[in-house]
>>> print(open('my_file_12.cif').read())   # mmCIF, C-alpha atoms
data_structure
#
loop_
_atom_site.label_atom_id
_atom_site.label_comp_id
_atom_site.auth_asym_id
_atom_site.auth_seq_id
_atom_site.Cartn_x
_atom_site.Cartn_y
_atom_site.Cartn_z
CA MET A 30 8.28 19.37 -22.61
CA ASN A 31 7.14 16.09 -24.05
CA ILE A 32 4.08 16.66 -26.29
CA ARG A 33 2.74 14.43 -29.04
CA ILE A 34 0.81 16.35 -31.68
CA GLU A 35 -1.60 14.73 -34.11
CA ASN A 36 -4.04 16.06 -36.66
CA MET A 37 -7.25 14.09 -36.19
CA GLU A 38 -10.24 14.87 -38.40
CA GLY A 39 -8.94 18.42 -38.98
CA VAL A 40 -8.50 19.04 -35.25
CA THR A 41 -5.04 19.56 -33.76
CA VAL A 42 -4.71 17.23 -30.78
CA LEU A 43 -1.95 17.71 -28.21
CA PHE A 44 -1.16 14.84 -25.88
CA VAL A 45 0.83 16.39 -23.03
CA ARG A 46 3.19 13.66 -21.83
CA GLU A 47 4.14 15.20 -18.49
CA ASP A 48 2.88 14.63 -14.95
CA ARG A 49 2.90 18.34 -14.08
CA LEU A 50 1.89 21.55 -15.81
CA ASP A 51 3.31 24.31 -13.65
CA ALA A 52 5.41 27.48 -13.69
CA ASN A 53 8.45 25.37 -14.57
CA ASN A 54 7.16 24.08 -17.91
CA SER A 55 3.93 25.86 -18.85
CA GLU A 56 5.71 28.45 -21.03
CA GLU A 57 6.89 25.57 -23.24
CA LEU A 58 3.29 24.56 -23.86
CA LYS A 59 2.42 28.19 -24.60
CA THR A 60 5.23 28.43 -27.14
CA GLU A 61 4.07 25.21 -28.80
CA LEU A 62 0.45 26.38 -28.91
CA ASN A 63 1.45 29.74 -30.37
CA ARG A 64 3.53 27.96 -33.03
CA LEU A 65 0.54 25.78 -33.94
CA PHE A 66 -1.82 28.76 -34.15
CA ASP A 67 0.72 30.67 -36.27
CA ASN A 68 0.80 27.65 -38.60
CA GLY A 69 -2.96 27.72 -39.06
CA ALA A 70 -4.40 25.60 -36.25
CA VAL A 71 -7.95 26.65 -35.34
CA ASP A 72 -9.63 23.82 -33.43
CA VAL A 73 -7.46 22.29 -30.73
CA VAL A 74 -7.91 19.52 -28.18
CA ILE A 75 -5.45 19.26 -25.32
CA ASP A 76 -5.41 15.86 -23.66
CA LEU A 77 -4.33 16.14 -20.00
CA LYS A 78 -4.55 12.45 -19.15
CA GLU A 79 -1.01 12.27 -17.77
CA ILE A 80 -1.12 15.57 -15.88
CA LEU A 81 -1.56 14.93 -12.16
CA PHE A 82 -0.78 18.46 -10.98
CA ILE A 83 -1.57 21.89 -12.40
CA ASP A 84 -0.95 25.35 -10.93
CA SER A 85 -2.12 28.85 -11.87
CA SER A 86 0.61 29.18 -14.52
CA GLY A 87 -0.60 26.00 -16.23
CA LEU A 88 -4.21 27.19 -16.09
CA GLY A 89 -3.13 30.56 -17.50
CA VAL A 90 -1.52 28.93 -20.53
CA LEU A 91 -4.67 26.93 -21.24
CA VAL A 92 -6.71 30.16 -21.00
CA SER A 93 -4.25 31.82 -23.38
CA GLY A 94 -4.76 28.97 -25.87
CA TYR A 95 -8.53 29.16 -25.43
CA LYS A 96 -8.51 32.88 -26.24
CA ASN A 97 -6.16 32.38 -29.19
CA SER A 98 -8.42 29.73 -30.64
CA SER A 99 -11.56 31.85 -30.11
CA THR A 100 -9.90 34.78 -31.88
CA ARG A 101 -9.49 32.48 -34.90
CA HIS A 102 -13.17 31.46 -34.68
CA GLY A 103 -12.19 28.01 -33.47
CA SER A 104 -12.39 26.35 -30.09
CA LEU A 105 -9.92 24.81 -27.70
CA LYS A 106 -11.29 21.87 -25.74
CA LEU A 107 -9.81 19.68 -23.03
CA SER A 108 -9.97 15.96 -22.37
CA SER A 109 -9.09 13.36 -19.72
CA LEU A 110 -8.71 15.53 -16.62
CA GLN A 111 -7.44 13.71 -13.53
CA SER A 112 -9.28 14.39 -10.27
CA GLN A 113 -6.84 16.91 -8.80
CA VAL A 114 -6.64 18.81 -12.07
CA LYS A 115 -10.42 18.81 -12.30
CA SER A 116 -10.70 20.24 -8.80
CA MET A 117 -8.39 23.12 -9.79
CA PHE A 118 -10.70 23.93 -12.71
CA GLU A 119 -13.66 23.89 -10.35
CA LEU A 120 -11.88 26.03 -7.74
CA THR A 121 -11.08 28.70 -10.33
CA ARG A 122 -14.48 28.30 -12.10
CA LEU A 123 -12.68 27.52 -15.35
CA HIS A 124 -14.82 24.40 -15.77
CA ARG A 125 -17.55 26.84 -16.81
CA VAL A 126 -15.31 28.30 -19.51
CA PHE A 127 -13.80 25.22 -21.15
CA ASP A 128 -15.58 22.35 -22.84
CA ILE A 129 -14.16 19.37 -20.97
CA PHE A 130 -14.53 15.78 -22.20
CA THR A 131 -13.78 12.39 -20.72
CA THR A 132 -11.79 11.21 -23.74
CA VAL A 133 -10.16 12.64 -26.87
CA ASP A 134 -12.72 10.75 -28.96
CA ASP A 135 -15.57 12.46 -27.12
CA ALA A 136 -13.90 15.83 -27.72
CA LEU A 137 -13.46 15.08 -31.44
CA GLN A 138 -17.09 13.97 -31.67
CA SER A 139 -18.16 17.42 -30.50
CA TYR A 140 -16.62 19.04 -33.59
CA ARG A 141 -18.54 16.81 -36.04
CA MET B 6 0.82 10.96 12.80
CA ARG B 7 2.53 13.88 14.53
CA SER B 8 0.68 16.48 16.52
CA ASP B 9 3.10 19.44 16.56
CA PHE B 10 6.18 19.98 14.41
CA ASN B 11 7.95 22.52 12.25
CA ILE B 12 10.05 22.40 9.11
CA ASP B 13 12.52 24.96 7.75
CA ILE B 14 13.41 24.73 4.08
CA ARG B 15 15.72 26.76 1.88
CA LEU B 16 15.33 26.35 -1.84
CA PRO B 17 17.14 27.86 -4.81
CA ALA B 18 14.93 30.55 -6.38
CA HIS B 19 14.18 28.45 -9.44
CA THR B 20 10.99 26.86 -10.72
CA ARG B 21 12.71 23.47 -11.07
CA CYS B 22 12.28 23.20 -7.27
CA LEU B 23 8.48 23.23 -7.56
CA ARG B 24 8.16 19.46 -7.80
CA MET B 25 10.16 19.09 -4.58
CA ILE B 26 8.15 21.68 -2.61
CA SER B 27 4.90 20.05 -3.83
CA ARG B 28 6.09 16.69 -2.51
CA ILE B 29 7.02 18.26 0.84
CA GLY B 30 3.50 19.71 1.03
CA GLU B 31 1.98 16.29 0.39
CA LYS B 32 4.17 14.65 3.03
CA VAL B 33 3.36 17.32 5.63
CA ALA B 34 -0.35 16.84 4.96
CA GLN B 35 0.01 13.11 5.51
CA GLU B 36 1.65 13.72 8.90
CA VAL B 37 -0.81 16.17 10.45
CA GLU B 38 -3.72 15.24 12.66
CA CYS B 39 -6.99 16.34 11.13
CA SER B 40 -10.41 15.05 10.13
CA GLU B 41 -10.66 12.19 7.66
CA ALA B 42 -12.32 14.42 5.11
CA LEU B 43 -9.56 17.04 5.32
CA HIS B 44 -6.91 14.34 5.30
CA GLU B 45 -8.09 13.24 1.90
CA ILE B 46 -7.84 16.66 0.21
CA LEU B 47 -5.05 18.30 2.24
CA PRO B 48 -2.08 16.72 0.35
CA GLY B 49 -3.28 18.17 -2.96
CA GLN B 50 -4.11 21.50 -1.37
CA LEU B 51 -0.72 21.91 0.31
CA ALA B 52 1.09 20.90 -2.88
CA VAL B 53 -0.71 23.71 -4.71
CA VAL B 54 -0.40 26.28 -1.91
CA LEU B 55 3.36 25.74 -1.52
CA THR B 56 3.88 25.80 -5.29
CA GLU B 57 1.94 29.06 -5.71
CA GLY B 58 3.67 30.62 -2.71
CA VAL B 59 7.16 29.69 -3.88
CA VAL B 60 6.45 30.86 -7.45
CA ASN B 61 5.28 34.14 -5.97
CA ALA B 62 8.50 34.45 -3.94
CA ILE B 63 10.63 33.63 -7.00
CA LYS B 64 8.82 36.34 -8.99
CA HIS B 65 9.38 38.89 -6.25
CA ALA B 66 12.82 37.75 -5.14
CA GLY B 67 14.49 40.65 -6.90
CA ASN B 68 17.02 40.75 -9.66
CA SER B 69 20.15 40.18 -7.62
CA ALA B 70 22.48 37.63 -9.15
CA PRO B 71 22.73 35.01 -7.89
CA ALA B 72 19.16 35.18 -6.59
CA GLU B 73 18.81 34.55 -2.90
CA ASP B 74 17.34 31.26 -1.72
CA ILE B 75 13.65 31.04 -0.93
CA HIS B 76 13.00 30.35 2.74
CA VAL B 77 9.89 28.35 3.64
CA ARG B 78 8.79 27.62 7.19
CA ILE B 79 5.94 25.29 8.06
CA ASP B 80 4.58 25.15 11.63
CA VAL B 81 1.95 22.74 12.86
CA ALA B 82 0.73 23.42 16.40
CA ASP B 83 -2.58 23.22 18.24
CA HIS B 84 -4.46 21.96 15.19
CA ASN B 85 -3.25 24.94 13.23
CA LEU B 86 -1.07 25.01 10.13
CA MET B 87 1.04 28.09 9.38
CA ILE B 88 3.13 28.45 6.24
CA ARG B 89 5.55 31.36 5.92
CA ILE B 90 7.40 32.04 2.69
CA TYR B 91 10.07 34.72 2.85
CA ASP B 92 11.48 36.77 -0.02
CA SER B 93 13.89 39.67 -0.11
CA GLY B 94 12.62 41.43 -3.23
CA ARG B 95 10.53 44.54 -3.76
CA GLY B 96 7.37 42.70 -2.80
CA PHE B 97 3.83 43.41 -3.95
CA ASP B 98 0.44 44.46 -2.68
CA LEU B 99 -1.70 41.37 -2.12
CA ASP B 100 -4.90 43.40 -2.26
CA SER B 101 -4.04 44.90 -5.63
CA VAL B 102 -4.28 41.49 -7.32
CA PRO B 103 -7.77 41.34 -8.85
CA SER B 104 -9.86 38.20 -8.84
CA PRO B 105 -9.37 36.69 -12.28
CA CYS B 106 -12.64 34.88 -12.46
CA PHE B 107 -15.24 37.53 -12.60
CA THR B 108 -13.75 40.33 -14.66
CA SER B 109 -15.99 42.03 -17.15
CA ASN B 110 -13.07 42.10 -19.53
CA GLY B 111 -13.18 38.43 -20.49
CA ILE B 112 -11.10 35.70 -18.90
CA ALA B 113 -7.78 36.76 -17.49
CA GLU B 114 -4.69 34.67 -18.17
CA LYS B 115 -2.92 35.68 -14.97
CA GLY B 116 -3.76 36.41 -11.35
CA ARG B 117 -5.17 33.05 -10.29
CA GLY B 118 -2.31 32.28 -7.88
CA VAL B 119 -3.48 34.64 -5.11
CA PHE B 120 -7.09 33.62 -5.69
CA ILE B 121 -6.11 29.95 -5.22
CA LEU B 122 -4.18 30.73 -2.01
CA ARG B 123 -7.13 32.65 -0.58
CA SER B 124 -9.52 29.87 -1.53
CA LEU B 125 -7.52 27.04 0.04
CA MET B 126 -6.21 28.75 3.18
CA ASP B 127 -8.14 30.46 5.98
CA THR B 128 -6.02 33.60 6.05
CA VAL B 129 -3.40 34.94 3.64
CA LYS B 130 -1.25 37.93 4.55
CA TYR B 131 1.76 39.51 2.85
CA THR B 132 3.94 41.83 4.91
CA ARG B 133 6.65 44.01 3.40
CA SER B 134 9.58 45.34 5.38
CA ALA B 135 13.09 46.61 4.82
CA ASP B 136 14.47 43.33 6.18
CA GLY B 137 12.44 41.24 3.76
CA ASN B 138 8.89 40.22 2.99
CA VAL B 139 6.83 37.35 4.22
CA LEU B 140 3.76 35.62 2.86
CA GLU B 141 1.88 34.11 5.82
CA MET B 142 -0.86 31.58 5.24
CA GLN B 143 -2.83 29.91 7.99
CA LYS B 144 -5.29 27.04 7.98
CA SER B 145 -7.19 25.43 10.82
CA LEU B 146 -6.83 21.65 10.93
CA LYS B 147 -9.86 21.12 13.18
#
>>> encode(input="my_file_12.cif", output="structure tokens")
Amino acid sequence: MNIRIENMEGVTVLFVREDRLDANNSEELKTELNRLFDNGAVDVVIDLKEILFIDSSGLGVLVSGYKNSSTRHGSLKLSSLQSQVKSMFELTRLHRVFDIFTTVDDALQSYR
Amino acid sequence: MRSDFNIDIRLPAHTRCLRMISRIGEKVAQEVECSEALHEILPGQLAVVLTEGVVNAIKHAGNSAPAEDIHVRIDVADHNLMIRIYDSGRGFDLDSVPSPCFTSNGIAEKGRGVFILRSLMDTVKYTRSADGNVLEMQKSLK
């Protein structure tokens, strides 16, 4: 999986450079998130700008990251959801769970 | 646009086929006759439904090596869409899958697949038999 990771203002930001987050690749994101949490990450933003399709496996991995972050007294936030991805969050009510922002900058602003 | 048609697909039981089955779902949705409103959302819905259904079949396809192909059949007739996804594994009980969204035990990581299928299709049924199992999902196109 192609992911760019940056530390911005103390927040770990993951730019997922794939067009799909599904049962074929979501475990790779989970492994990467777990590695980051094991290495001390607390606050995490996942930018989904390039993701055009997400399934229940992809949603499950984001929930896993959200719970991992909460356990460490941090928060995992999302940015740049495309319309079809957004509708999957709404269908599964996960838009009520996650803090979702239009841009990474907006997400970073929320930590200040 | 086509009024009635059917498609039979056999896919290797591997998640790398998910992109292909999603695309087939989108193409089918573009071909069916339905309202303008449904026409706009149906491609995305069928991409998700077929992905979730095939993942489910892969999970329950058994441990035989090599795994048997996944068989998908799509029928469009009389403004009705029927998707059947066959697997030859041990199967599962559709009703035993809890809704993931409203548990008192926090947010569940798994179990959203069946919830998504039930939300996007009109009826969802899973039948187990000695000859194989079938996930049947129907949606009215009226």
>>> residues_around(input="my_file_12.cif", residues="stretch 34-48 of chain A", least_positions_apart="4", cutoff="7 Å", atoms="only C-alpha atoms", output="ChimeraX atom specification")
/A:70,72-77,79-82
>>> interface_residues(input="my_file_12.cif", of="chain A", to="chain B", cutoff="8 Å", atoms="only C-alpha atoms", output="list in words")
Ala52, Asn53, Ile83, Asp84, Ser85, Ser86, Leu88, Gly89, Val90, Val92, Ser93, Gln113, Leu120, Thr121, Arg122 and Leu123 of chain A
>>> write_last_selection(input="my_file_12.cif", atoms="C-alpha atoms", output="PDB file, in the coordinates of the input")
ATOM      1  CA  ALA A  52       5.410  27.480 -13.690  1.00  0.00           C
ATOM      2  CA  ASN A  53       8.450  25.370 -14.570  1.00  0.00           C
ATOM      3  CA  ILE A  83      -1.570  21.890 -12.400  1.00  0.00           C
ATOM      4  CA  ASP A  84      -0.950  25.350 -10.930  1.00  0.00           C
ATOM      5  CA  SER A  85      -2.120  28.850 -11.870  1.00  0.00           C
ATOM      6  CA  SER A  86       0.610  29.180 -14.520  1.00  0.00           C
ATOM      7  CA  LEU A  88      -4.210  27.190 -16.090  1.00  0.00           C
ATOM      8  CA  GLY A  89      -3.130  30.560 -17.500  1.00  0.00           C
ATOM      9  CA  VAL A  90      -1.520  28.930 -20.530  1.00  0.00           C
ATOM     10  CA  VAL A  92      -6.710  30.160 -21.000  1.00  0.00           C
ATOM     11  CA  SER A  93      -4.250  31.820 -23.380  1.00  0.00           C
ATOM     12  CA  GLN A 113      -6.840  16.910  -8.800  1.00  0.00           C
ATOM     13  CA  LEU A 120     -11.880  26.030  -7.740  1.00  0.00           C
ATOM     14  CA  THR A 121     -11.080  28.700 -10.330  1.00  0.00           C
ATOM     15  CA  ARG A 122     -14.480  28.300 -12.100  1.00  0.00           C
ATOM     16  CA  LEU A 123     -12.680  27.520 -15.350  1.00  0.00           C
TER      17      LEU A 123
END
>>> atom_distance(input="my_file_12.cif", atom1="atom CA of A:Gly87", atom2="atom CA of A:Asn54")
8.2 Å
>>> resolve_selection(input="my_file_12.cif", expression="the PyMOL selection byres ((chain B and resi 85) around 7)", output="ChimeraX atom specification")
/B:81-84,86-87,144-146
>>> atom_distance(input="my_file_12.cif", atom1="atom CA of A:Gly94", atom2="atom CA of A:Phe118")
15.3 Å
>>> atom_distance(input="my_file_12.cif", atom1="atom CA of B:Pro17", atom2="atom CA of B:Arg78")
14.6 Å
>>> resolve_selection(input="my_file_12.cif", expression="the PyMOL selection byres ((chain B and resi 88) around 10)", output="list in words")
Asn11, Ile12, Leu51, Val54, Leu55, Gly58, Val77, Arg78, Ile79, Asp80, Val81, Leu86, Met87, Arg89, Ile90, Tyr91, Met126, Val129, Val139, Leu140, Glu141, Met142, Gln143 and Lys144 of chain B
>>> resolve_selection(input="my_file_12.cif", expression="the PyMOL selection byres ((chain B and resi 37) around 8)", output="VMD selection string")
chain B and resid 6 to 9 33 to 36 38 to 39 81
>>> write_last_selection(input="my_file_12.cif", atoms="C-alpha atoms", output="PDB file, in the coordinates of the input")
ATOM      1  CA  MET B   6       0.820  10.960  12.800  1.00  0.00           C
ATOM      2  CA  ARG B   7       2.530  13.880  14.530  1.00  0.00           C
ATOM      3  CA  SER B   8       0.680  16.480  16.520  1.00  0.00           C
ATOM      4  CA  ASP B   9       3.100  19.440  16.560  1.00  0.00           C
ATOM      5  CA  VAL B  33       3.360  17.320   5.630  1.00  0.00           C
ATOM      6  CA  ALA B  34      -0.350  16.840   4.960  1.00  0.00           C
ATOM      7  CA  GLN B  35       0.010  13.110   5.510  1.00  0.00           C
ATOM      8  CA  GLU B  36       1.650  13.720   8.900  1.00  0.00           C
ATOM      9  CA  GLU B  38      -3.720  15.240  12.660  1.00  0.00           C
ATOM     10  CA  CYS B  39      -6.990  16.340  11.130  1.00  0.00           C
ATOM     11  CA  VAL B  81       1.950  22.740  12.860  1.00  0.00           C
TER      12      VAL B  81
END
>>> closest_residue(input="my_file_12.cif", among="B:Ala18, B:Lys64, B:Asp136, B:Tyr131", to="B:Ser101", atoms="only C-alpha atoms")
B:Tyr131
